[in-house]
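Trainee: I'm passing along protein_32.txt; it holds compact mmCIF, C-alpha atoms and all ligand atoms.
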```txt
# COMPACT_ATOMS: atom_id res chain seq x y z
CA MET A 1 -115.23 21.07 65.52
CA LYS A 2 -117.43 22.72 68.11
CA SER A 3 -115.96 25.86 69.63
CA SER A 4 -116.72 26.77 73.24
CA PRO A 5 -119.39 29.45 73.41
CA PRO A 6 -117.70 32.85 73.20
CA SER A 7 -118.37 34.65 76.47
CA ASN A 8 -118.81 38.12 75.03
CA LEU A 9 -121.14 37.38 72.15
CA PRO A 10 -124.87 36.96 71.74
CA GLN A 11 -126.19 33.43 71.42
CA HIS A 12 -126.67 33.63 67.66
CA LEU A 13 -122.90 34.07 67.22
CA THR A 14 -122.02 31.00 69.24
CA ARG A 15 -122.78 28.53 66.49
CA ASP A 16 -120.00 26.08 65.75
CA TRP A 17 -117.21 26.88 63.34
CA GLN A 18 -118.49 24.35 60.83
CA SER A 19 -120.84 26.76 59.11
CA LEU A 20 -118.15 29.44 58.87
CA TRP A 21 -115.75 26.95 57.29
CA GLN A 22 -118.41 25.67 54.91
CA SER A 23 -119.37 29.19 53.95
CA SER A 24 -115.74 30.26 53.45
CA LEU A 25 -115.39 27.58 50.77
CA TYR A 26 -118.69 28.53 49.18
CA MET A 27 -118.06 32.28 49.27
CA GLN A 28 -114.33 32.05 48.43
CA ILE A 29 -113.18 33.66 51.67
CA PRO A 30 -109.55 33.07 52.70
CA VAL A 31 -109.43 31.44 56.15
CA ALA A 32 -106.90 29.77 58.45
CA LEU A 33 -107.38 27.60 61.53
CA TRP A 34 -104.55 26.55 63.80
CA ARG A 35 -103.55 25.18 67.17
CA LEU A 36 -100.04 25.87 68.46
CA PRO A 37 -97.92 23.04 69.91
CA ASN A 38 -98.80 22.12 73.50
CA SER A 39 -101.80 24.45 73.58
CA THR A 40 -105.50 23.72 73.80
CA GLU A 41 -106.60 26.99 72.21
CA LYS A 42 -107.74 26.84 68.60
CA HIS A 43 -107.87 29.89 66.35
CA PHE A 44 -109.94 30.72 63.31
CA ILE A 45 -109.24 33.81 61.22
CA ALA A 46 -110.95 35.05 58.08
CA GLN A 47 -110.19 37.80 55.62
CA ARG A 48 -113.67 38.99 54.78
CA THR A 49 -112.79 41.87 52.42
CA GLY A 50 -110.09 42.56 49.84
CA ALA A 51 -108.02 40.20 47.69
CA THR A 52 -105.47 37.89 49.28
CA LYS A 53 -102.07 39.52 49.09
CA GLN A 54 -98.83 37.99 47.92
CA CYS A 55 -95.99 39.94 49.48
CA TYR A 56 -92.62 39.81 51.19
CA PRO A 57 -93.32 38.68 54.79
CA ASN A 58 -91.85 41.64 56.64
CA LEU A 59 -92.90 40.90 60.21
CA ALA A 60 -92.30 44.51 61.25
CA GLU A 61 -94.93 45.73 58.77
CA LEU A 62 -97.54 43.00 58.51
CA LYS A 63 -100.80 43.24 60.44
CA SER A 64 -102.02 40.20 62.40
CA GLY A 65 -102.59 37.33 60.03
CA PHE A 66 -101.40 34.02 58.66
CA VAL A 67 -98.54 33.59 56.19
CA VAL A 68 -98.31 30.71 53.74
CA SER A 69 -95.33 30.14 51.47
CA PRO A 70 -94.70 27.56 48.74
CA PHE A 71 -91.42 25.62 48.78
CA HIS A 72 -90.11 27.48 45.76
CA ASN A 73 -90.32 31.13 46.72
CA PRO A 74 -87.28 33.10 45.55
CA GLU A 75 -86.83 36.25 47.68
CA LEU A 76 -90.06 35.24 49.49
CA GLN A 77 -92.15 37.50 47.22
CA GLN A 78 -94.71 34.74 46.55
CA THR A 79 -95.75 34.48 50.20
CA TYR A 80 -99.51 34.64 50.74
CA PHE A 81 -100.91 36.67 53.59
CA ILE A 82 -104.38 36.09 55.07
CA GLU A 83 -105.25 39.19 57.05
CA SER A 84 -107.03 38.60 60.35
CA GLN A 85 -110.20 40.66 59.99
CA ILE A 86 -112.25 38.22 62.04
CA HIS A 87 -110.45 36.30 64.79
CA LEU A 88 -112.16 33.61 66.85
CA SER A 89 -110.58 31.69 69.69
CA SER A 90 -112.03 28.41 70.97
CA LEU A 91 -111.32 29.59 74.52
CA ARG A 92 -111.78 33.37 74.39
CA GLY A 93 -114.54 33.91 71.83
CA CYS A 94 -114.45 36.61 69.17
CA LEU A 95 -111.22 38.57 69.60
CA GLN A 96 -111.56 40.75 66.51
CA GLY A 97 -114.15 41.74 63.88
CA GLU A 98 -117.41 41.26 65.76
CA ALA A 99 -119.42 43.41 63.33
CA LEU A 100 -117.95 41.62 60.30
CA LEU A 101 -118.76 38.30 61.95
CA GLU A 102 -122.37 39.31 62.58
CA ALA A 103 -122.77 40.40 58.96
CA TRP A 104 -121.22 37.14 57.74
CA ILE A 105 -123.50 35.04 59.91
CA SER A 106 -126.62 36.78 58.64
CA GLU A 107 -125.40 36.14 55.10
CA ILE A 108 -124.92 32.46 55.97
CA ASN A 109 -128.45 32.33 57.35
CA SER A 110 -129.86 33.51 54.07
CA THR A 111 -127.66 31.36 51.80
CA ASP A 112 -127.80 27.66 51.08
CA THR A 113 -124.15 26.53 51.39
CA SER A 114 -124.99 22.83 51.49
CA GLY A 115 -123.41 22.40 48.06
CA ALA A 116 -120.12 23.92 49.20
CA LEU A 117 -117.34 21.98 47.58
CA LEU A 118 -113.67 21.36 48.11
CA PRO A 119 -111.62 21.78 44.94
CA GLN A 120 -111.88 18.99 42.36
CA PHE A 121 -108.70 17.04 41.71
CA THR A 122 -107.58 17.74 38.13
CA GLU A 123 -103.81 17.94 38.11
CA ASN A 124 -103.14 14.26 37.65
CA GLN A 125 -105.92 12.58 35.73
CA ASP A 126 -105.21 9.01 36.73
CA PHE A 127 -104.77 9.79 40.47
CA SER A 128 -102.73 6.70 41.08
CA ASN A 129 -99.83 5.54 43.20
CA LYS A 130 -98.68 3.24 40.39
CA ASN A 131 -94.87 3.13 39.95
CA CYS A 132 -94.50 5.50 42.92
CA ARG A 133 -92.03 3.26 44.71
CA GLN A 134 -89.86 2.64 41.65
CA LYS A 135 -89.84 6.35 40.78
CA HIS A 136 -88.70 7.24 44.29
CA LEU A 137 -85.99 4.56 44.30
CA ASP A 138 -84.69 5.94 40.98
CA LEU A 139 -84.83 9.52 42.26
CA VAL A 140 -82.84 8.69 45.41
CA THR A 141 -80.30 6.66 43.40
CA LYS A 142 -79.81 9.68 41.13
CA GLY A 143 -79.45 11.95 44.19
CA VAL A 144 -76.78 9.70 45.74
CA GLN A 145 -74.89 9.62 42.43
CA ALA A 146 -74.98 13.43 42.23
CA ILE A 147 -73.59 13.63 45.80
CA GLN A 148 -70.85 11.12 44.98
CA ALA A 149 -69.99 13.19 41.90
CA GLY A 150 -69.55 16.22 44.18
CA ALA A 151 -72.65 18.24 43.11
CA PHE A 152 -73.74 18.83 46.74
CA GLU A 153 -73.50 17.24 50.21
CA LYS A 154 -77.17 16.60 50.93
CA VAL A 155 -80.49 16.80 49.11
CA VAL A 156 -84.02 16.26 50.44
CA LEU A 157 -86.09 14.24 47.98
CA SER A 158 -89.83 13.85 48.22
CA ARG A 159 -92.94 12.32 46.70
CA GLN A 160 -96.71 12.47 46.74
CA LYS A 161 -99.13 9.81 47.93
CA PHE A 162 -102.74 9.79 46.74
CA ILE A 163 -105.53 8.78 49.09
CA ASP A 164 -109.25 8.32 48.50
CA LEU A 165 -111.60 9.87 51.04
CA PRO A 166 -115.33 9.41 51.57
CA GLU A 167 -117.87 11.66 49.86
CA ASN A 168 -118.48 14.88 51.84
CA TYR A 169 -115.86 14.01 54.47
CA ASP A 170 -115.66 16.46 57.33
CA VAL A 171 -112.45 18.51 57.18
CA LEU A 172 -112.90 20.05 60.64
CA THR A 173 -113.27 16.60 62.21
CA LEU A 174 -109.90 15.73 60.70
CA PHE A 175 -108.43 18.96 62.11
CA GLU A 176 -109.83 18.06 65.53
CA GLU A 177 -108.55 14.46 65.39
CA LEU A 178 -105.07 15.65 64.41
CA SER A 179 -105.10 18.16 67.28
CA GLN A 180 -105.89 15.38 69.72
CA ALA A 181 -103.48 12.84 68.26
CA TYR A 182 -100.45 15.18 68.10
CA PRO A 183 -100.41 17.60 71.05
CA ASN A 184 -96.85 18.80 70.40
CA ALA A 185 -97.33 19.44 66.66
CA PHE A 186 -98.52 22.64 64.98
CA ILE A 187 -101.92 21.77 63.53
CA SER A 188 -103.19 23.98 60.75
CA LEU A 189 -105.81 24.17 58.05
CA PHE A 190 -106.04 26.92 55.48
CA SER A 191 -108.12 27.66 52.43
CA LEU A 192 -106.90 30.12 49.82
CA PRO A 193 -109.54 30.45 47.09
CA SER A 194 -108.28 29.29 43.68
CA VAL A 195 -105.02 28.17 45.36
CA GLY A 196 -106.08 25.28 47.56
CA VAL A 197 -106.97 23.74 50.90
CA TRP A 198 -104.17 22.22 53.00
CA LEU A 199 -104.15 20.45 56.37
CA SER A 200 -101.06 19.53 58.38
CA ALA A 201 -99.50 18.44 61.67
CA THR A 202 -95.92 19.66 61.47
CA PRO A 203 -93.22 19.10 64.11
CA GLU A 204 -90.76 21.75 62.85
CA THR A 205 -90.51 25.39 63.93
CA LEU A 206 -88.90 27.61 61.31
CA ILE A 207 -88.86 30.83 63.32
CA SER A 208 -90.57 31.92 66.47
CA THR A 209 -90.34 35.49 67.74
CA ASN A 210 -91.75 37.02 70.89
CA GLU A 211 -91.58 40.79 71.26
CA ASN A 212 -92.54 40.59 74.94
CA THR A 213 -89.61 38.36 75.92
CA HIS A 214 -87.40 39.53 72.99
CA THR A 215 -86.67 35.93 72.10
CA PHE A 216 -85.99 34.47 68.69
CA ARG A 217 -86.02 30.69 68.31
CA THR A 218 -85.36 28.21 65.55
CA VAL A 219 -84.66 24.48 65.43
CA ALA A 220 -82.61 22.00 63.42
CA LEU A 221 -84.71 18.89 62.89
CA ALA A 222 -83.56 15.83 60.95
CA GLY A 223 -83.02 12.09 61.26
CA THR A 224 -86.09 9.87 61.36
CA GLN A 225 -87.02 6.55 62.90
CA ALA A 226 -90.25 4.86 63.97
CA ARG A 227 -91.28 5.65 67.54
CA HIS A 228 -90.49 2.88 70.08
CA ASP A 229 -91.68 2.17 73.62
CA LYS A 230 -88.28 2.56 75.34
CA PRO A 231 -87.26 5.78 77.12
CA LEU A 232 -86.21 8.38 74.53
CA SER A 233 -82.68 8.50 76.00
CA GLN A 234 -82.19 4.90 74.86
CA THR A 235 -82.69 5.78 71.20
CA SER A 236 -79.71 5.08 69.00
CA TRP A 237 -78.98 6.96 65.81
CA THR A 238 -76.78 5.94 62.88
CA GLN A 239 -73.78 7.97 61.79
CA LYS A 240 -75.72 8.94 58.63
CA GLU A 241 -78.60 10.38 60.68
CA ILE A 242 -76.27 12.22 63.07
CA GLU A 243 -74.42 13.80 60.15
CA GLU A 244 -77.67 14.67 58.38
CA GLN A 245 -78.90 16.59 61.42
CA ALA A 246 -75.48 18.19 62.00
CA LEU A 247 -75.70 19.59 58.47
CA VAL A 248 -78.95 21.35 59.37
CA CYS A 249 -77.25 22.85 62.47
CA ARG A 250 -74.31 23.96 60.35
CA TYR A 251 -76.72 25.60 57.94
CA ILE A 252 -78.40 27.59 60.74
CA VAL A 253 -75.06 28.66 62.23
CA GLY A 254 -73.99 29.69 58.70
CA CYS A 255 -77.07 31.96 58.51
CA PHE A 256 -76.16 33.56 61.88
CA LYS A 257 -72.61 34.09 60.58
CA LYS A 258 -73.89 35.85 57.45
CA ILE A 259 -75.41 38.55 59.66
CA ARG A 260 -72.48 38.50 62.12
CA LEU A 261 -74.62 37.28 64.97
CA ARG A 262 -72.45 35.47 67.49
CA GLU A 263 -74.53 35.51 70.66
CA TYR A 264 -76.90 32.59 70.41
CA THR A 265 -77.45 29.49 72.52
CA GLU A 266 -77.53 26.05 70.95
CA THR A 267 -78.87 23.04 72.85
CA GLY A 268 -79.03 19.46 71.70
CA PRO A 269 -79.26 17.47 69.62
CA ARG A 270 -81.79 15.40 71.51
CA THR A 271 -84.36 12.83 70.49
CA VAL A 272 -87.86 14.25 70.17
CA PRO A 273 -91.16 12.49 69.37
CA ALA A 274 -93.21 13.66 66.39
CA GLY A 275 -96.38 11.58 66.21
CA ASN A 276 -95.46 8.08 65.08
CA LEU A 277 -91.83 9.14 64.56
CA LEU A 278 -88.70 10.24 66.37
CA HIS A 279 -86.32 12.95 65.16
CA LEU A 280 -83.08 14.55 66.30
CA ARG A 281 -83.51 18.19 67.24
CA SER A 282 -81.24 21.08 68.27
CA ASP A 283 -82.70 24.33 69.59
CA PHE A 284 -81.27 27.77 68.90
CA GLU A 285 -82.23 30.88 70.84
CA VAL A 286 -81.25 34.56 70.57
CA ASP A 287 -82.10 37.52 72.80
CA MET A 288 -83.13 40.17 70.25
CA LEU A 289 -82.68 42.99 72.76
CA ASP A 290 -79.18 42.02 73.93
CA THR A 291 -78.06 41.54 70.33
CA ASN A 292 -79.82 44.73 69.21
CA PHE A 293 -81.54 42.83 66.41
CA PRO A 294 -85.28 43.62 66.55
CA THR A 295 -85.80 42.50 62.92
CA LEU A 296 -84.09 39.14 63.37
CA GLY A 297 -87.31 37.21 62.64
CA THR A 298 -87.71 38.56 59.10
CA THR A 299 -83.98 38.44 58.36
CA MET A 300 -83.69 34.80 59.46
CA LEU A 301 -86.89 33.79 57.68
CA GLU A 302 -85.37 34.98 54.44
CA LEU A 303 -81.98 33.38 55.13
CA LEU A 304 -83.31 30.07 56.45
CA HIS A 305 -85.98 29.16 53.94
CA PRO A 306 -85.69 26.55 52.54
CA THR A 307 -83.54 24.98 55.25
CA SER A 308 -81.30 22.02 54.78
CA ALA A 309 -84.05 19.91 56.46
CA VAL A 310 -86.25 20.26 53.36
CA CYS A 311 -83.85 21.28 50.59
CA GLY A 312 -80.17 20.37 51.00
CA MET A 313 -76.64 21.70 51.24
CA PRO A 314 -75.46 23.81 49.51
CA LYS A 315 -78.87 25.29 48.90
CA ILE A 316 -78.54 26.45 45.27
CA PRO A 317 -77.46 23.18 43.58
CA ALA A 318 -79.75 21.15 45.87
CA THR A 319 -82.74 23.33 44.88
CA ALA A 320 -81.87 22.99 41.19
CA PHE A 321 -81.68 19.20 41.55
CA ILE A 322 -85.07 19.06 43.27
CA LEU A 323 -86.78 21.25 40.70
CA GLU A 324 -85.29 19.30 37.81
CA ASN A 325 -85.70 15.78 39.10
CA GLU A 326 -88.59 15.34 41.52
CA GLY A 327 -91.06 15.37 38.64
CA TYR A 328 -93.91 17.13 40.42
CA ASN A 329 -94.66 20.52 41.95
CA ARG A 330 -94.25 20.55 45.75
CA GLY A 331 -96.70 23.43 46.06
CA PHE A 332 -96.93 24.36 49.75
CA TYR A 333 -95.25 21.17 51.00
CA SER A 334 -91.90 22.13 52.62
CA GLY A 335 -92.81 25.80 52.39
CA PHE A 336 -93.63 27.64 55.60
CA LEU A 337 -96.77 28.83 57.34
CA GLY A 338 -98.12 30.20 60.57
CA PRO A 339 -99.69 33.05 62.52
CA VAL A 340 -97.83 36.37 62.64
CA ASN A 341 -98.14 39.37 64.94
CA PHE A 342 -100.70 38.08 67.41
CA GLU A 343 -100.09 39.58 70.85
CA GLY A 344 -96.46 40.28 69.90
CA GLN A 345 -95.76 36.75 68.74
CA SER A 346 -95.08 35.15 65.37
CA GLU A 347 -94.89 31.36 65.08
CA ILE A 348 -93.83 30.16 61.66
CA PHE A 349 -93.40 26.45 60.91
CA VAL A 350 -91.92 24.35 58.13
CA HIS A 351 -94.86 22.83 56.28
CA LEU A 352 -94.30 19.09 56.79
CA ARG A 353 -96.65 16.12 57.36
CA CYS A 354 -99.16 17.93 55.20
CA MET A 355 -101.79 17.16 52.61
CA GLN A 356 -103.76 19.02 50.00
CA LEU A 357 -107.48 18.34 50.20
CA PHE A 358 -109.84 17.78 47.30
CA GLU A 359 -113.37 16.42 46.88
CA GLN A 360 -113.09 12.75 47.97
CA LYS A 361 -109.31 12.83 47.70
CA ALA A 362 -106.16 13.94 49.45
CA VAL A 363 -102.58 14.27 48.26
CA LEU A 364 -100.01 13.59 50.97
CA TYR A 365 -96.39 14.73 50.77
CA ALA A 366 -93.24 13.34 52.36
CA GLY A 367 -89.50 13.46 51.81
CA GLY A 368 -86.22 12.59 53.43
CA GLY A 369 -82.64 13.79 53.60
CA VAL A 370 -80.36 11.98 51.17
CA THR A 371 -76.62 11.84 51.80
CA ALA A 372 -73.77 9.84 50.25
CA ASP A 373 -74.69 6.80 52.40
CA SER A 374 -78.43 6.73 51.70
CA ASP A 375 -80.10 3.46 50.81
CA PRO A 376 -82.98 4.05 48.34
CA GLU A 377 -85.20 1.31 49.83
CA ARG A 378 -84.82 2.78 53.34
CA GLU A 379 -85.57 6.25 52.02
CA TRP A 380 -88.78 4.92 50.45
CA GLN A 381 -89.77 3.28 53.75
CA GLU A 382 -89.10 6.57 55.53
CA THR A 383 -91.52 8.44 53.27
CA GLU A 384 -94.14 5.74 53.92
CA LEU A 385 -93.65 6.20 57.68
CA LYS A 386 -93.96 9.97 57.34
CA CYS A 387 -97.18 9.60 55.36
CA GLN A 388 -98.53 7.48 58.22
CA THR A 389 -98.56 10.55 60.52
CA LEU A 390 -101.63 11.79 58.65
CA GLY A 391 -102.60 8.40 57.20
CA LYS A 392 -103.25 6.82 60.61
CA VAL A 393 -105.55 9.64 61.68
CA ILE A 394 -107.44 9.51 58.37
CA GLU A 395 -107.92 5.74 58.77
CA LYS A 396 -109.15 6.14 62.31
CA THR A 397 -111.52 8.98 61.42
CA PHE A 398 -113.22 7.55 58.31
C1 LIG B 1 -88.72 16.44 54.71
C2 LIG B 1 -89.38 15.93 55.74
O1 LIG B 1 -88.86 15.85 57.00
C3 LIG B 1 -87.68 16.56 57.37
C4 LIG B 1 -87.77 16.82 58.82
C5 LIG B 1 -87.38 15.89 59.75
C6 LIG B 1 -86.63 14.77 59.34
C7 LIG B 1 -86.22 14.65 58.05
C8 LIG B 1 -85.41 13.48 57.63
O2 LIG B 1 -85.13 12.59 58.46
O3 LIG B 1 -85.04 13.38 56.47
C9 LIG B 1 -86.46 15.71 57.03
O4 LIG B 1 -85.32 16.51 56.96
C10 LIG B 1 -90.75 15.43 55.60
O5 LIG B 1 -91.38 15.08 56.61
O6 LIG B 1 -91.28 15.41 54.46
```
Mind turning this structure into structure tokens?
Mentor:
Amino acid sequence: MKSSPPSNLPQHLTRDWQSLWQSSLYMQIPVALWRLPNSTEKHFIAQRTGATKQCYPNLAELKSGFVVSPFHNPELQQTYFIESQIHLSSLRGCLQGEALLEAWISEINSTDTSGALLPQFTENQDFSNKNCRQKHLDLVTKGVQAIQAGAFEKVVLSRQKFIDLPENYDVLTLFEELSQAYPNAFISLFSLPSVGVWLSATPETLISTNENTHTFRTVALAGTQARHDKPLSQTSWTQKEIEEQALVCRYIVGCFKKIRLREYTETGPRTVPAGNLLHLRSDFEVDMLDTNFPTLGTTMLELLHPTSAVCGMPKIPATAFILENEGYNRGFYSGFLGPVNFEGQSEIFVHLRCMQLFEQKAVLYAGGGVTADSDPEREWQETELKCQTLGKVIEKTF
């Protein structure tokens, strides 16, 4: 990706972001790139000094940076924080850390980073999609049986999909292509040394807070179908999908109740596009000043994650079922991530439609909400459709 020349920097700092990205892999520097929904501005931050922290994401205390959480993160203590020591904007140039940036660039000029490598794939030696379908059908069947036996009402069950990529494929080109293909998604790429490199185009806000307007927002997203050409208002949803999404709303309202927050607005559900898919979405908004709840962002982050859109209802038995039965580690899929404390705003998203990147390979992740009426074959098809959000862009790019 080529950034626009920063207006306030000398020419030698206007080189494209490619060399910074390449060097961050080579020099093990934590970095994050993102583009917010419906925005054209891209951001690049790097933490040039100090170890990456794992900490409780208290928005009132954190500096500007990027949080990344795995799915399984009891009490949120395992959340990674990439501190913004250097901040570049594709539209506004270097917003922070000019001296650090200059020093980094002179280091790049004197280092050969051409051998910079993405992590090697080692976790699963045979890297194959063999038996994937059958395994997912069995998993969903087991989930439906557990629901029918009364263990829980809903569980979100997921899988991985392995994809081969060309040698030395360009990660930033993929980031750019995703940004163009999905204007209303949150596009992000992060690299945490010895943890991994992940790229995603997620449609789901987890929490959004704005200190300037005192607003807190969250959404309930669920129900999936392939996108059609008709007007969105002509979309029909099955009873199963309507109930699935209503459960996510109920979960959010339950979180508000736990903290005795009654003044919120709820709009929807309405049909929203998400790349090649359509979902049902309800929007919730709270005025943090009127409700005298300045720390609502952190409180709700802790209460909401993992929401019923990625875990299930009730949360505890659904989590236990996922951890016992999915048969793989979700890692950062269905965790949360996003920029915090930039110009008074924090925008944290549920990490969906994501993939982990390796040398010549990617691992895609997708899941779906399972209820008493779920049909295993349809659930499998739904995960295939969800993988297509990234899959289509990969095919087009390489
Ligand atoms: C769990 C995923 O999607 C969630 C968000 C929207 C719709 C969903 C569904 O229809 O099941 C899921 O709850 C995923 O994309 O992997």
Trainee: A:Ile207, A:Ala146, A:Leu221, A:Leu118: which is nearest ligand LIG 1 (chain B), counting all atoms listed in the file?
Mentor: A:Leu221
Trainee: With distances taken over only C-alpha atoms, which of A:Ser334, A:Thr397, A:Ser191, A:Thr389 is nearest to A:Pro70?
Mentor: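 So, comparing all the options, the nearest one is A:Ser334.
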Trainee: Show me the residues close to (-110.1, 20.5, 64.0) - anything with an atom within 10 Å, counting all atoms listed in the file - and format the list as a list of chain:residue names.
Mentor: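 It turns out the residues near that spot are A:Met1, A:Lys2, A:Ser3, A:Trp17, A:Gln18, A:Leu33, A:Trp34, A:Arg35, A:Lys42, A:His43, A:Asp170, A:Val171, A:Leu172, A:Thr173, A:Leu174, A:Phe175, A:Glu176, A:Glu177, A:Leu178, A:Ser179, A:Gln180, A:Ile187, A:Ser188, A:Leu189, A:Leu199.
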Trainee: Just the number, please: distance in Å from atom CA of A:Gly338 to atom CA of A:Gly97, one decimal.
Mentor: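 One can read the atom CA of A:Gly338 to atom CA of A:Gly97 distance as 20.0 Å.
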Trainee: May I ask which of the residues A:Gly275, A:Gly115, A:Gly268, A:Pro306 is the closest one to A:Ala185, counting only C-alpha atoms?
Mentor: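 That would be A:Gly275, the residue with the smallest distance to A:Ala185.
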Trainee: Would you kindly identify which residues have an atom no farther than 10 Å from (-109.3, 40.5, 66.7), using only C-alpha atoms and the file's own coordinates, and write them out as a ChimeraX atom specification?
Mentor: /A:45,64-65,84-89,93-98,342
Trainee: Restricting it to C-alpha atoms, dump the selection as a short mmCIF file (atom, residue, chain, number, x, y, z; two decimals), in the coordinates of the input.
Mentor:
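File selection.cif, as written:
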```cif
data_model
loop_
_atom_site.label_atom_id
_atom_site.label_comp_id
_atom_site.auth_asym_id
_atom_site.auth_seq_id
_atom_site.Cartn_x
_atom_site.Cartn_y
_atom_site.Cartn_z
CA ILE A 45 -109.24 33.81 61.22
CA SER A 64 -102.02 40.20 62.40
CA GLY A 65 -102.59 37.33 60.03
CA SER A 84 -107.03 38.60 60.35
CA GLN A 85 -110.20 40.66 59.99
CA ILE A 86 -112.25 38.22 62.04
CA HIS A 87 -110.45 36.30 64.79
CA LEU A 88 -112.16 33.61 66.85
CA SER A 89 -110.58 31.69 69.69
CA GLY A 93 -114.54 33.91 71.83
CA CYS A 94 -114.45 36.61 69.17
CA LEU A 95 -111.22 38.57 69.60
CA GLN A 96 -111.56 40.75 66.51
CA GLY A 97 -114.15 41.74 63.88
CA GLU A 98 -117.41 41.26 65.76
CA PHE A 342 -100.70 38.08 67.41
#
```
Trainee: Mind giving me the straight-line distance from atom O4 of ligand LIG 1 (chain B) to atom CA of A:Leu192 in Å, one decimal?
Mentor: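 Computing the Euclidean distance for atom O4 of ligand LIG 1 (chain B) and atom CA of A:Leu192 yields 26.5 Å.
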Trainee: Which residues, written as a VMD selection string, have at least one atom at most 9 Å from stretch 54-57 of chain A, with only C-alpha atoms counted and residues fewer than 5 positions away on the same chain left out?
Mentor: chain A and resid 62 67 75 to 81 298 301 to 302
Trainee: Point out the residue among A:Val197, A:Leu36, A:Ile82, A:Ile147 with the least atom-to-atom distance to A:Val370, counting only C-alpha atoms.
Mentor: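 Using only C-alpha atoms, A:Val370 sits closest to A:Ile147.
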Trainee: Each side padded by 6 Å, which centre and which edge lengths in Å (one decimal) define the axis-aligned box around the listed atoms of stretch 291-296 of chain A? Give them as JSON.
Mentor:
```
{"center_x": -81.9, "center_y": 41.9, "center_z": 66.6, "size_x": 19.7, "size_y": 17.6, "size_z": 19.4}
```
Trainee: With all atoms listed in the file as the atoms that count, which of A:Leu165, A:Met27, A:Val140, A:Leu59 lies nearest to A:Trp104?
Mentor: A:Met27
Trainee: Write out as CSV a residue-level contact list of chain A versus ligand LIG 1 (chain B) with cut-off 9 Å: for each qualifying residue the closest pair of atoms and the distance in Å to one decimal, counting only C-alpha atoms and all ligand atoms, rows sorted by chain and residue number upward.
Mentor:
```
residue,atom,partner,partner_atom,distance
A:Val156,CA,B:LIG1,C1,6.4
A:Leu157,CA,B:LIG1,C1,7.6
A:Ser158,CA,B:LIG1,O6,6.6
A:Arg159,CA,B:LIG1,O6,8.5
A:Thr202,CA,B:LIG1,O5,8.1
A:Pro203,CA,B:LIG1,C4,7.9
A:Glu204,CA,B:LIG1,C4,7.0
A:Ala220,CA,B:LIG1,C5,8.6
A:Leu221,CA,B:LIG1,C5,5.1
A:Ala222,CA,B:LIG1,C6,3.6
A:Gly223,CA,B:LIG1,O2,3.5
A:Thr224,CA,B:LIG1,O2,4.1
A:Gln225,CA,B:LIG1,O2,7.7
A:Glu241,CA,B:LIG1,O2,7.2
A:Glu244,CA,B:LIG1,O3,7.7
A:Gln245,CA,B:LIG1,O4,7.8
A:Val248,CA,B:LIG1,O4,8.4
A:Leu278,CA,B:LIG1,C6,8.6
A:His279,CA,B:LIG1,C6,6.1
A:Leu280,CA,B:LIG1,C6,7.8
A:Arg281,CA,B:LIG1,C5,8.7
A:Thr307,CA,B:LIG1,O4,8.8
A:Ser308,CA,B:LIG1,O4,7.2
A:Ala309,CA,B:LIG1,O4,3.7
A:Val310,CA,B:LIG1,C1,4.7
A:Cys311,CA,B:LIG1,C1,8.0
A:Gly312,CA,B:LIG1,O4,8.8
A:Tyr333,CA,B:LIG1,O6,7.8
A:Ser334,CA,B:LIG1,C1,6.8
A:Val350,CA,B:LIG1,C4,8.6
A:His351,CA,B:LIG1,O6,8.4
A:Leu352,CA,B:LIG1,O5,5.0
A:Arg353,CA,B:LIG1,O5,5.4
A:Cys354,CA,B:LIG1,O6,8.3
A:Tyr365,CA,B:LIG1,O6,6.3
A:Ala366,CA,B:LIG1,O6,3.5
A:Gly367,CA,B:LIG1,O6,3.7
A:Gly368,CA,B:LIG1,O3,3.4
A:Gly369,CA,B:LIG1,O3,3.8
A:Val370,CA,B:LIG1,O3,7.2
A:Glu379,CA,B:LIG1,O3,8.4
A:Glu382,CA,B:LIG1,O2,7.8
A:Thr383,CA,B:LIG1,O6,7.1
A:Lys386,CA,B:LIG1,O5,5.8
A:Cys387,CA,B:LIG1,O5,8.1
```
Trainee: Would you work out the distance separating atom CA of A:Ile348 from atom CA of A:Ala51, expressed in Å to one decimal?
Mentor: 22.3 Å
Trainee: Nearest to A:Val31 among A:Gly327, A:Pro231, A:Pro339, A:Pro294, with distances taken over only C-alpha atoms: which residue is it?
Mentor: A:Pro339
Trainee: If you count all atoms listed in the file, which residues fall within 10 Å of A:Leu261, apart from same-chain ones fewer than 4 positions away, as a CSV table (one decimal) with C-alpha atoms, in the coordinates of the input?
Mentor:
```
chain,number,residue,atom,x,y,z
A,253,VAL,CA,-75.1,28.7,62.2
A,254,GLY,CA,-74.0,29.7,58.7
A,255,CYS,CA,-77.1,32.0,58.5
A,256,PHE,CA,-76.2,33.6,61.9
A,257,LYS,CA,-72.6,34.1,60.6
A,286,VAL,CA,-81.2,34.6,70.6
A,291,THR,CA,-78.1,41.5,70.3
A,293,PHE,CA,-81.5,42.8,66.4
A,296,LEU,CA,-84.1,39.1,63.4
```
Trainee: Neighbouring residues of A:Tyr169 were defined as those with any atom within 9 Å, considering only C-alpha atoms; residues of the same chain fewer than 6 positions away were excluded. Please report them as an MDAnalysis selection string.
Mentor: chainID A and resid 359:360 398
Trainee: Find the spatial neighbours of A:Asp283, counting only C-alpha atoms, within a cut-off of 9 Å - ignore same-chain residues fewer than 3 positions away - and output them as a PyMOL selection string.
Mentor: chain A and resi 217-221+265-269
